[in-house]
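Enquirer: Okay, so here is entry04.tsv, and as you'll see once you scroll down, it has TSV, C-alpha atoms.
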chain	number	residue	atom	x	y	z
A	1	LEU	CA	229.52	-55.65	11.73
A	2	ALA	CA	233.08	-54.48	11.00
A	3	VAL	CA	233.94	-57.53	8.90
A	4	GLU	CA	230.78	-57.27	6.79
A	5	ALA	CA	231.21	-53.50	6.25
A	6	GLY	CA	234.90	-53.95	5.39
A	7	GLU	CA	234.12	-56.67	2.86
A	8	ARG	CA	231.49	-54.44	1.21
A	9	LEU	CA	234.00	-51.59	0.90
A	10	ALA	CA	236.77	-53.85	-0.46
A	11	HIS	CA	234.36	-55.26	-3.05
A	12	ALA	CA	233.21	-51.74	-4.02
A	13	ARG	CA	236.83	-50.70	-4.57
A	14	ARG	CA	237.58	-53.73	-6.75
A	15	ALA	CA	234.36	-53.41	-8.75
A	16	ASP	CA	234.50	-49.58	-8.97
A	17	LEU	CA	231.06	-49.19	-7.39
A	18	LEU	CA	229.47	-46.69	-5.05
A	19	ILE	CA	227.55	-48.25	-2.17
A	20	PRO	CA	225.21	-46.63	0.39
A	21	ALA	CA	227.16	-44.73	3.04
A	22	LEU	CA	228.06	-46.51	6.26
A	23	THR	CA	225.70	-45.64	9.11
A	24	GLU	CA	226.37	-44.36	12.62
A	25	ASP	CA	225.87	-47.95	13.82
A	26	ASP	CA	228.62	-49.16	11.45
A	27	VAL	CA	231.18	-46.57	12.64
A	28	PRO	CA	230.08	-45.12	16.00
A	29	ASP	CA	233.64	-44.04	16.86
A	30	LEU	CA	237.23	-44.01	15.58
A	31	ALA	CA	238.02	-47.48	16.94
A	32	ALA	CA	235.09	-48.90	14.97
A	33	ALA	CA	236.17	-47.01	11.83
A	34	TYR	CA	239.68	-48.50	11.99
A	35	ALA	CA	238.20	-51.96	12.67
A	36	VAL	CA	236.24	-51.65	9.40
A	37	GLN	CA	239.40	-50.45	7.61
A	38	ARG	CA	241.35	-53.49	8.88
A	39	ALA	CA	238.54	-55.75	7.67
A	40	ALA	CA	238.61	-54.04	4.25
A	41	ILE	CA	242.40	-54.56	4.05
A	42	ALA	CA	241.98	-58.23	5.02
A	43	ALA	CA	239.38	-58.61	2.24
A	44	SER	CA	241.68	-56.97	-0.35
A	45	PRO	CA	243.87	-59.13	-2.59
A	46	GLN	CA	247.11	-57.38	-1.57
A	47	GLU	CA	248.98	-56.27	1.53
A	48	PRO	CA	249.54	-52.51	1.87
A	49	ILE	CA	252.88	-51.23	0.54
A	50	GLY	CA	252.54	-48.16	2.74
A	51	TRP	CA	250.17	-45.66	4.29
A	52	LYS	CA	248.64	-42.30	3.44
A	53	ILE	CA	248.01	-39.70	6.13
A	54	GLY	CA	244.90	-37.56	5.75
A	55	ALA	CA	243.46	-34.51	7.52
A	56	THR	CA	246.88	-33.10	8.45
A	57	SER	CA	245.51	-29.54	8.47
A	58	ALA	CA	243.08	-28.07	11.04
A	59	ASP	CA	240.92	-26.98	8.12
A	60	THR	CA	240.40	-30.52	6.80
A	61	GLN	CA	239.92	-31.93	10.30
A	62	ALA	CA	237.10	-29.45	10.94
A	63	ARG	CA	235.45	-30.31	7.62
A	64	LEU	CA	235.61	-34.06	8.34
A	65	LYS	CA	234.60	-33.63	12.02
A	66	LEU	CA	237.92	-35.02	13.28
A	67	THR	CA	240.32	-33.77	15.95
A	68	GLU	CA	243.47	-35.45	14.59
A	69	PRO	CA	244.85	-36.84	11.31
A	70	PHE	CA	243.92	-40.30	10.07
A	71	TYR	CA	245.68	-43.00	8.05
A	72	GLY	CA	244.75	-45.47	5.35
A	73	PRO	CA	246.51	-48.12	3.26
A	74	MET	CA	248.14	-47.78	-0.16
A	75	PHE	CA	248.32	-50.87	-2.38
A	76	ALA	CA	250.93	-51.90	-4.96
A	77	ALA	CA	248.44	-52.15	-7.85
A	78	ASP	CA	247.48	-48.49	-7.34
A	79	SER	CA	250.97	-47.07	-6.72
A	80	HIS	CA	252.91	-45.82	-9.72
A	81	PRO	CA	256.05	-43.94	-10.77
A	82	SER	CA	255.69	-40.44	-12.19
A	83	GLY	CA	254.34	-40.31	-15.74
A	84	THR	CA	252.02	-43.30	-15.36
A	85	ALA	CA	248.38	-43.32	-16.46
A	86	VAL	CA	245.90	-43.55	-13.57
A	87	ALA	CA	242.41	-44.91	-14.23
A	88	GLY	CA	239.50	-42.84	-12.96
A	89	ALA	CA	236.96	-44.11	-10.43
A	90	ALA	CA	233.22	-43.82	-9.88
A	91	GLY	CA	233.79	-41.96	-6.61
A	92	LEU	CA	236.85	-39.93	-7.60
A	93	ARG	CA	236.95	-36.74	-5.50
A	94	GLY	CA	240.14	-35.19	-6.85
A	95	VAL	CA	243.90	-35.01	-6.46
A	96	GLU	CA	246.37	-33.73	-3.88
A	97	VAL	CA	250.05	-32.75	-4.19
A	98	GLU	CA	252.04	-34.35	-1.37
A	99	LEU	CA	255.48	-35.26	-0.05
A	100	ALA	CA	256.16	-38.92	0.71
A	101	PHE	CA	258.85	-40.73	2.66
A	102	ARG	CA	260.30	-44.19	1.97
A	103	LEU	CA	261.28	-45.87	5.22
A	104	GLY	CA	264.73	-47.32	5.71
A	105	ARG	CA	263.97	-49.04	9.02
A	106	ASP	CA	261.00	-50.39	10.96
A	107	LEU	CA	259.05	-48.14	13.32
A	108	PRO	CA	256.89	-50.65	15.21
A	109	VAL	CA	254.25	-49.55	17.69
A	110	ARG	CA	255.95	-49.03	21.05
A	111	ASP	CA	255.09	-47.57	24.46
A	112	GLY	CA	256.15	-43.95	24.74
A	113	GLY	CA	256.35	-43.49	20.96
A	114	TRP	CA	259.36	-42.34	18.95
A	115	SER	CA	261.53	-39.25	19.16
A	116	ALA	CA	261.60	-36.77	16.29
A	117	GLY	CA	265.25	-37.70	15.68
A	118	GLU	CA	264.52	-41.44	15.49
A	119	VAL	CA	261.71	-40.84	13.02
A	120	ALA	CA	263.86	-38.57	10.82
A	121	GLU	CA	266.64	-41.16	10.85
A	122	ALA	CA	264.18	-43.90	9.78
A	123	ALA	CA	263.21	-41.92	6.66
A	124	ALA	CA	265.52	-43.15	3.90
A	125	GLY	CA	264.24	-40.73	1.25
A	126	LEU	CA	261.80	-37.91	0.54
A	127	TYR	CA	259.79	-38.01	-2.73
A	128	LEU	CA	257.48	-35.72	-4.65
A	129	ALA	CA	254.01	-37.31	-4.85
A	130	LEU	CA	250.41	-37.12	-5.98
A	131	GLU	CA	247.48	-38.81	-4.28
A	132	PHE	CA	244.22	-39.43	-6.13
A	133	VAL	CA	241.36	-39.52	-3.65
A	134	ALA	CA	238.14	-41.51	-4.08
A	135	THR	CA	235.27	-42.69	-1.94
A	136	ARG	CA	233.41	-45.97	-2.34
A	137	GLN	CA	230.33	-44.55	-0.56
A	138	GLU	CA	227.52	-42.27	-1.65
A	139	GLY	CA	227.00	-38.93	0.10
A	140	ALA	CA	229.22	-36.35	1.77
A	141	LEU	CA	232.68	-37.02	3.16
A	142	GLU	CA	232.90	-37.55	6.93
A	143	GLY	CA	235.92	-38.61	8.98
A	144	ARG	CA	234.90	-41.98	10.38
A	145	ARG	CA	233.45	-43.10	7.05
A	146	ALA	CA	236.64	-41.90	5.31
A	147	ILE	CA	238.82	-43.94	7.69
A	148	ALA	CA	236.71	-47.06	7.16
A	149	ASP	CA	236.78	-46.51	3.39
A	150	LEU	CA	240.49	-47.43	3.14
A	151	GLY	CA	241.36	-43.80	3.98
A	152	LEU	CA	239.92	-42.69	0.60
A	153	ASN	CA	243.13	-43.61	-1.23
A	154	HIS	CA	242.58	-44.35	-4.93
A	155	ALA	CA	246.11	-44.07	-6.35
A	156	PHE	CA	249.56	-42.91	-5.28
A	157	VAL	CA	252.12	-41.55	-7.75
A	158	HIS	CA	255.71	-40.97	-6.63
A	159	GLY	CA	258.19	-38.76	-8.44
A	160	PRO	CA	261.94	-38.47	-8.10
A	161	PRO	CA	263.67	-38.46	-4.70
A	162	VAL	CA	264.56	-35.03	-3.36
A	163	GLU	CA	268.35	-34.71	-3.32
A	164	GLY	CA	269.82	-33.37	-0.07
A	165	TRP	CA	266.39	-33.24	1.60
A	166	ARG	CA	267.88	-33.39	5.11
A	167	GLU	CA	269.46	-29.98	4.52
A	168	LEU	CA	266.12	-28.40	3.55
A	169	ASN	CA	263.65	-26.69	5.86
A	170	LEU	CA	260.75	-29.00	4.97
A	171	PRO	CA	257.88	-26.65	6.02
A	172	ASP	CA	259.18	-24.12	3.45
A	173	ILE	CA	258.77	-26.50	0.49
A	174	HIS	CA	256.20	-25.04	-1.90
A	175	ALA	CA	254.22	-26.79	-4.63
A	176	ALA	CA	251.61	-25.95	-7.25
A	177	LEU	CA	249.04	-28.23	-8.88
A	178	LEU	CA	248.73	-27.96	-12.66
A	179	VAL	CA	245.75	-29.52	-14.45
A	180	ASP	CA	246.14	-29.59	-18.24
A	181	GLY	CA	248.81	-26.92	-17.81
A	182	GLU	CA	246.61	-24.58	-15.77
A	183	ARG	CA	247.63	-23.68	-12.20
A	184	ARG	CA	244.73	-24.81	-10.03
A	185	ALA	CA	246.10	-24.75	-6.47
A	186	GLU	CA	249.26	-24.17	-4.48
A	187	GLY	CA	250.54	-24.39	-0.94
A	188	SER	CA	253.46	-25.14	1.34
A	189	ALA	CA	254.44	-28.13	3.43
A	190	ALA	CA	253.90	-26.08	6.61
A	191	VAL	CA	250.18	-27.02	6.41
A	192	VAL	CA	251.11	-30.70	6.76
A	193	PHE	CA	250.87	-30.92	10.56
A	194	GLY	CA	253.55	-28.20	10.74
A	195	SER	CA	256.04	-30.39	8.83
A	196	PRO	CA	255.91	-33.68	6.89
A	197	LEU	CA	258.30	-35.15	9.48
A	198	ALA	CA	255.81	-34.26	12.23
A	199	ALA	CA	253.12	-36.09	10.26
A	200	LEU	CA	255.43	-39.13	9.95
A	201	LYS	CA	256.07	-39.05	13.71
A	202	TRP	CA	252.30	-38.90	14.35
A	203	LEU	CA	251.84	-42.03	12.22
A	204	ALA	CA	254.74	-43.83	13.89
A	205	ASP	CA	253.18	-43.10	17.29
A	206	HIS	CA	249.49	-43.65	16.42
A	207	GLY	CA	249.49	-45.89	13.37
A	208	PRO	CA	249.48	-49.64	12.74
A	209	GLY	CA	253.27	-50.10	12.97
A	210	LEU	CA	255.57	-49.17	10.08
A	211	ARG	CA	258.09	-51.31	8.18
A	212	ALA	CA	261.25	-50.64	6.22
A	213	GLY	CA	260.53	-50.18	2.51
A	214	GLN	CA	257.04	-48.78	3.04
A	215	TRP	CA	255.87	-45.56	1.44
A	216	ILE	CA	254.32	-42.93	3.70
A	217	SER	CA	252.43	-40.12	1.94
A	218	THR	CA	252.23	-37.32	4.50
A	219	GLY	CA	249.25	-35.17	3.47
A	220	THR	CA	248.31	-32.48	0.98
A	221	LEU	CA	250.17	-29.21	0.43
A	222	THR	CA	247.52	-27.97	-2.02
A	223	GLY	CA	244.17	-29.18	-0.65
A	224	LEU	CA	241.84	-31.52	-2.52
A	225	THR	CA	241.23	-30.32	-6.08
A	226	PRO	CA	238.37	-31.85	-8.13
A	227	LEU	CA	239.27	-32.99	-11.65
A	228	PRO	CA	237.29	-32.46	-14.87
A	229	GLY	CA	237.59	-36.03	-16.17
A	230	PRO	CA	240.58	-37.27	-18.20
A	231	CYS	CA	243.42	-34.75	-17.81
A	232	ALA	CA	247.14	-34.28	-17.27
A	233	VAL	CA	248.06	-33.63	-13.62
A	234	VAL	CA	251.40	-32.19	-12.46
A	235	GLY	CA	252.73	-31.41	-9.00
A	236	ASP	CA	255.28	-28.65	-9.60
A	237	PHE	CA	257.79	-28.22	-6.77
A	238	GLY	CA	259.86	-25.57	-8.58
A	239	PRO	CA	263.60	-26.23	-8.12
A	240	LEU	CA	262.91	-29.65	-6.53
A	241	GLY	CA	261.25	-30.99	-9.68
A	242	ARG	CA	257.87	-32.27	-10.82
A	243	VAL	CA	255.67	-35.34	-10.43
A	244	ALA	CA	253.08	-36.12	-13.13
A	245	ALA	CA	250.26	-38.48	-14.02
A	246	GLN	CA	247.66	-38.82	-16.77
A	247	LEU	CA	244.12	-39.42	-15.47
A	248	THR	CA	242.31	-41.63	-17.97
Have the structure of the file written as C-alpha cells, please.

Expert:
Amino acid sequence: LAVEAGERLAHARRADLLIPALTEDDVPDLAAAYAVQRAAIAASPQEPIGWKIGATSADTQARLKLTEPFYGPMFAADSHPSGTAVAGAAGLRGVEVELAFRLGRDLPVRDGGWSAGEVAEAAAGLYLALEFVATRQEGALEGRRAIADLGLNHAFVHGPPVEGWRELNLPDIHAALLVDGERRAEGSAAVVFGSPLAALKWLADHGPGLRAGQWISTGTLTGLTPLPGPCAVVGDFGPLGRVAAQLT
C-alpha cells in the first residue's frame, strides 16, 4: 500500500496533478504516513538536499490534528537562491516566511538523542528563507496526508546568511511577509517550537538522520498565507535583510 501511494504522489508532483486524497486505510497512523513519504522519495528522481519542518506551532498542530511537528523532504530542483522565479502548482496553498539552517556536520539518528549544544554546534549557518507549500491531493489539509505528501513542500528559497547569528536571541527575530509590496502577515521566531534551534533539535532526535551540507527549514514565523496567482513575494527581516521570489 505504502509503495503504491508513494508512487502516485511522486507522479502527481512531477506532473503537477491533483489526485484523490489518501484514505484512512492508506495512512492509518504516523508510521504509515512516513512509510508513504519514504516511498514517494524513492520514486522521485532526486535525493533530498534537506528537510522542512512543519506544524511547529500548537495552532497548526491542532488544525492538522497532530500532537507534534512533522518533516518532509526538499529537493534540489525546487530549491533556489533569493530572487529566483518559482513556478506555481495546481495545489499551491501559499507561502511561509522561515529561518533555515545549513548543517556543518552529520546528526545521525542515535539513542538518547542530541544535546541542545551539540545541535547548535552542528548548525554552520542561519539563513532567511521562504517555503512555498502545495498539496498533491484534493480536499482539506490533514496531518497524516500532509506527511505522506512529501511534507507539502513545493519550493524552498534561501536568502543571505545571517551574520553573527550565534549572538542573537533567535526567538526574538521578527519577519513580515510582503506580497506585491503589501504587508500580508508577520510574526516572530518564538512561534517556531519556542526557537528555530529547538525545532532543529526535534528533527535531529525524531527525523530520518541529518547530514552535513543539508538545508533544514525550521517552520513558519508568519503562518501560511495564500497567494493571488503570479506575484512578488518578500520575507522582510528588518535589519537582518530580505529574501525574495517571483511566483510565476

Enquirer: Write out as number ranges by chain each polymer residue whose atoms come within 10 Å of Glu24 of chain A, counting only C-alpha atoms; drop sequence neighbours fewer than 3 positions from it.

Expert: A: 21, 27-29, 144-145

Enquirer: Under the rule of at most 10 Å, produce a per-residue listing of segment 125-221 of chain A near segment 93-103 of chain A: chain, number, name, the closest pair of atoms, and the distance in Å, as a Markdown table, using only C-alpha atoms.

Expert:
| residue | atom | partner | partner_atom | distance |
| --- | --- | --- | --- | --- |
| A:Gly125 | CA | A:Arg102 | CA | 5.3 |
| A:Leu126 | CA | A:Phe101 | CA | 4.6 |
| A:Tyr127 | CA | A:Ala100 | CA | 5.1 |
| A:Leu128 | CA | A:Leu99 | CA | 5.0 |
| A:Ala129 | CA | A:Glu98 | CA | 5.0 |
| A:Leu130 | CA | A:Val97 | CA | 4.7 |
| A:Glu131 | CA | A:Glu96 | CA | 5.2 |
| A:Phe132 | CA | A:Val95 | CA | 4.4 |
| A:Val133 | CA | A:Gly94 | CA | 5.5 |
| A:Ala134 | CA | A:Arg93 | CA | 5.1 |
| A:Thr135 | CA | A:Arg93 | CA | 7.1 |
| A:Leu141 | CA | A:Arg93 | CA | 9.7 |
| A:Leu152 | CA | A:Arg93 | CA | 9.0 |
| A:His154 | CA | A:Arg93 | CA | 9.5 |
| A:Ala155 | CA | A:Val95 | CA | 9.3 |
| A:Phe156 | CA | A:Glu98 | CA | 9.7 |
| A:Val157 | CA | A:Glu98 | CA | 9.6 |
| A:His158 | CA | A:Ala100 | CA | 7.6 |
| A:Gly159 | CA | A:Ala100 | CA | 9.4 |
| A:Pro161 | CA | A:Phe101 | CA | 9.1 |
| A:Val162 | CA | A:Leu99 | CA | 9.7 |
| A:Leu170 | CA | A:Leu99 | CA | 9.6 |
| A:Ile173 | CA | A:Leu99 | CA | 9.4 |
| A:Ala175 | CA | A:Val97 | CA | 7.3 |
| A:Ala176 | CA | A:Val97 | CA | 7.6 |
| A:Leu177 | CA | A:Val97 | CA | 6.6 |
| A:Leu178 | CA | A:Val97 | CA | 9.8 |
| A:Val179 | CA | A:Val95 | CA | 9.9 |
| A:Ala185 | CA | A:Val97 | CA | 9.2 |
| A:Glu186 | CA | A:Val97 | CA | 8.6 |
| A:Gly187 | CA | A:Val97 | CA | 9.0 |
| A:Ser188 | CA | A:Glu98 | CA | 9.7 |
| A:Ala189 | CA | A:Leu99 | CA | 8.0 |
| A:Val192 | CA | A:Glu98 | CA | 9.0 |
| A:Pro196 | CA | A:Leu99 | CA | 7.1 |
| A:Leu197 | CA | A:Phe101 | CA | 8.8 |
| A:Leu200 | CA | A:Phe101 | CA | 8.2 |
| A:Leu210 | CA | A:Leu103 | CA | 8.2 |
| A:Arg211 | CA | A:Leu103 | CA | 7.0 |
| A:Ala212 | CA | A:Leu103 | CA | 4.9 |
| A:Gly213 | CA | A:Leu103 | CA | 5.1 |
| A:Gln214 | CA | A:Leu103 | CA | 5.6 |
| A:Trp215 | CA | A:Arg102 | CA | 4.7 |
| A:Ile216 | CA | A:Phe101 | CA | 5.1 |
| A:Ser217 | CA | A:Ala100 | CA | 4.1 |
| A:Thr218 | CA | A:Ala100 | CA | 5.7 |
| A:Gly219 | CA | A:Glu98 | CA | 5.6 |
| A:Thr220 | CA | A:Glu98 | CA | 4.8 |
| A:Leu221 | CA | A:Glu98 | CA | 5.8 |

Enquirer: Excluding Glu121 of chain A and any residue of its chain fewer than 3 positions from it, enumerate the residues within 10 Å of it, using all atoms listed in the file, and give them as a PDB file with C-alpha atoms, in the frame of the given file.

Expert:
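So around_32.pdb came out as:
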ATOM      1  CA  LEU A 103     261.280 -45.870   5.220  1.00  0.00           C
ATOM      2  CA  GLY A 104     264.730 -47.320   5.710  1.00  0.00           C
ATOM      3  CA  ARG A 105     263.970 -49.040   9.020  1.00  0.00           C
ATOM      4  CA  SER A 115     261.530 -39.250  19.160  1.00  0.00           C
ATOM      5  CA  ALA A 116     261.600 -36.770  16.290  1.00  0.00           C
ATOM      6  CA  GLY A 117     265.250 -37.700  15.680  1.00  0.00           C
ATOM      7  CA  GLU A 118     264.520 -41.440  15.490  1.00  0.00           C
ATOM      8  CA  ALA A 124     265.520 -43.150   3.900  1.00  0.00           C
ATOM      9  CA  GLY A 125     264.240 -40.730   1.250  1.00  0.00           C
ATOM     10  CA  ARG A 166     267.880 -33.390   5.110  1.00  0.00           C
TER      11      ARG A 166
END

Enquirer: May I ask which of the residues A:Leu150, A:Ala85, A:Leu168, A:Val234 is the closest one to Leu247 of chain A, counting all atoms listed in the file?

Expert: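 Closest candidate: A:Ala85.
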
Enquirer: Please identify every residue of segment 126-231 of chain A that has at least one atom no farther than 8 Å from an atom of segment 3-15 of chain A, counting all atoms listed in the file, and for each give the shortest atom pair and the distance in Å to one decimal, arranged by chain then increasing number, as CSV.

Expert:
residue,atom,partner,partner_atom,distance
A:Arg136,CA,A:Ala12,CA,6.0
A:Ala148,CA,A:Gly6,CA,7.3
A:Asp149,CA,A:Leu9,CA,6.3

Enquirer: Quick one: pull the distance between atom CA of Gly139 of chain A and atom CA of Pro228 of chain A, Å, one decimal.

Expert: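 Interatomic distance here is 19.3 Å.
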
Enquirer: Pick from A:Ala122, A:Ala43, A:Val191, A:Ala232: nearest to Asp172 of chain A, with only C-alpha atoms counted?

Expert: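 Closest residue, counting only C-alpha atoms: A:Val191.
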
Enquirer: When you draw a straight line from atom CA of Leu224 of chain A to atom CA of Thr60 of chain A, how long is it in Å?

Expert: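 Those two atoms sit 9.5 Å apart.
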
Enquirer: Since the input lacks atoms, please generate N, CA and C atoms for segment 126-142 of chain A and provide them as a PDB file, in the frame of the given file.

Expert:
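Contents of the output file out38.pdb:
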ATOM      1  N   LEU A 126     262.979 -38.760   0.691  1.00  0.00           N
ATOM      2  CA  LEU A 126     261.800 -37.910   0.540  1.00  0.00           C
ATOM      3  C   LEU A 126     261.486 -37.816  -0.957  1.00  0.00           C
ATOM      4  N   TYR A 127     260.205 -37.955  -1.323  1.00  0.00           N
ATOM      5  CA  TYR A 127     259.790 -38.010  -2.730  1.00  0.00           C
ATOM      6  C   TYR A 127     258.639 -37.042  -2.988  1.00  0.00           C
ATOM      7  N   LEU A 128     258.616 -36.488  -4.182  1.00  0.00           N
ATOM      8  CA  LEU A 128     257.480 -35.720  -4.650  1.00  0.00           C
ATOM      9  C   LEU A 128     256.352 -36.699  -4.985  1.00  0.00           C
ATOM     10  N   ALA A 129     255.097 -36.327  -4.688  1.00  0.00           N
ATOM     11  CA  ALA A 129     254.010 -37.310  -4.850  1.00  0.00           C
ATOM     12  C   ALA A 129     252.686 -36.651  -5.196  1.00  0.00           C
ATOM     13  N   LEU A 130     251.812 -37.463  -5.768  1.00  0.00           N
ATOM     14  CA  LEU A 130     250.410 -37.120  -5.980  1.00  0.00           C
ATOM     15  C   LEU A 130     249.568 -38.205  -5.328  1.00  0.00           C
ATOM     16  N   GLU A 131     248.453 -37.805  -4.722  1.00  0.00           N
ATOM     17  CA  GLU A 131     247.480 -38.810  -4.280  1.00  0.00           C
ATOM     18  C   GLU A 131     246.137 -38.506  -4.923  1.00  0.00           C
ATOM     19  N   PHE A 132     245.577 -39.520  -5.597  1.00  0.00           N
ATOM     20  CA  PHE A 132     244.220 -39.430  -6.130  1.00  0.00           C
ATOM     21  C   PHE A 132     243.274 -39.992  -5.080  1.00  0.00           C
ATOM     22  N   VAL A 133     242.253 -39.219  -4.765  1.00  0.00           N
ATOM     23  CA  VAL A 133     241.360 -39.520  -3.650  1.00  0.00           C
ATOM     24  C   VAL A 133     239.999 -39.946  -4.184  1.00  0.00           C
ATOM     25  N   ALA A 134     239.466 -41.044  -3.659  1.00  0.00           N
ATOM     26  CA  ALA A 134     238.140 -41.510  -4.080  1.00  0.00           C
ATOM     27  C   ALA A 134     237.418 -42.133  -2.904  1.00  0.00           C
ATOM     28  N   THR A 135     236.105 -42.028  -2.933  1.00  0.00           N
ATOM     29  CA  THR A 135     235.270 -42.690  -1.940  1.00  0.00           C
ATOM     30  C   THR A 135     234.531 -43.846  -2.608  1.00  0.00           C
ATOM     31  N   ARG A 136     234.236 -44.863  -1.836  1.00  0.00           N
ATOM     32  CA  ARG A 136     233.410 -45.970  -2.340  1.00  0.00           C
ATOM     33  C   ARG A 136     231.978 -45.856  -1.806  1.00  0.00           C
ATOM     34  N   GLN A 137     231.662 -44.724  -1.142  1.00  0.00           N
ATOM     35  CA  GLN A 137     230.330 -44.550  -0.560  1.00  0.00           C
ATOM     36  C   GLN A 137     229.631 -43.326  -1.135  1.00  0.00           C
ATOM     37  N   GLU A 138     228.322 -43.410  -1.228  1.00  0.00           N
ATOM     38  CA  GLU A 138     227.520 -42.270  -1.650  1.00  0.00           C
ATOM     39  C   GLU A 138     227.494 -41.223  -0.526  1.00  0.00           C
ATOM     40  N   GLY A 139     227.200 -39.970  -0.915  1.00  0.00           N
ATOM     41  CA  GLY A 139     227.000 -38.930   0.100  1.00  0.00           C
ATOM     42  C   GLY A 139     228.260 -38.152   0.414  1.00  0.00           C
ATOM     43  N   ALA A 140     228.138 -37.269   1.407  1.00  0.00           N
ATOM     44  CA  ALA A 140     229.220 -36.350   1.770  1.00  0.00           C
ATOM     45  C   ALA A 140     230.342 -37.069   2.506  1.00  0.00           C
ATOM     46  N   LEU A 141     231.531 -36.461   2.445  1.00  0.00           N
ATOM     47  CA  LEU A 141     232.680 -37.020   3.160  1.00  0.00           C
ATOM     48  C   LEU A 141     232.540 -36.719   4.663  1.00  0.00           C
ATOM     49  N   GLU A 142     232.890 -37.705   5.477  1.00  0.00           N
ATOM     50  CA  GLU A 142     232.900 -37.550   6.930  1.00  0.00           C
ATOM     51  C   GLU A 142     234.025 -38.430   7.457  1.00  0.00           C
TER      52      GLU A 142
END
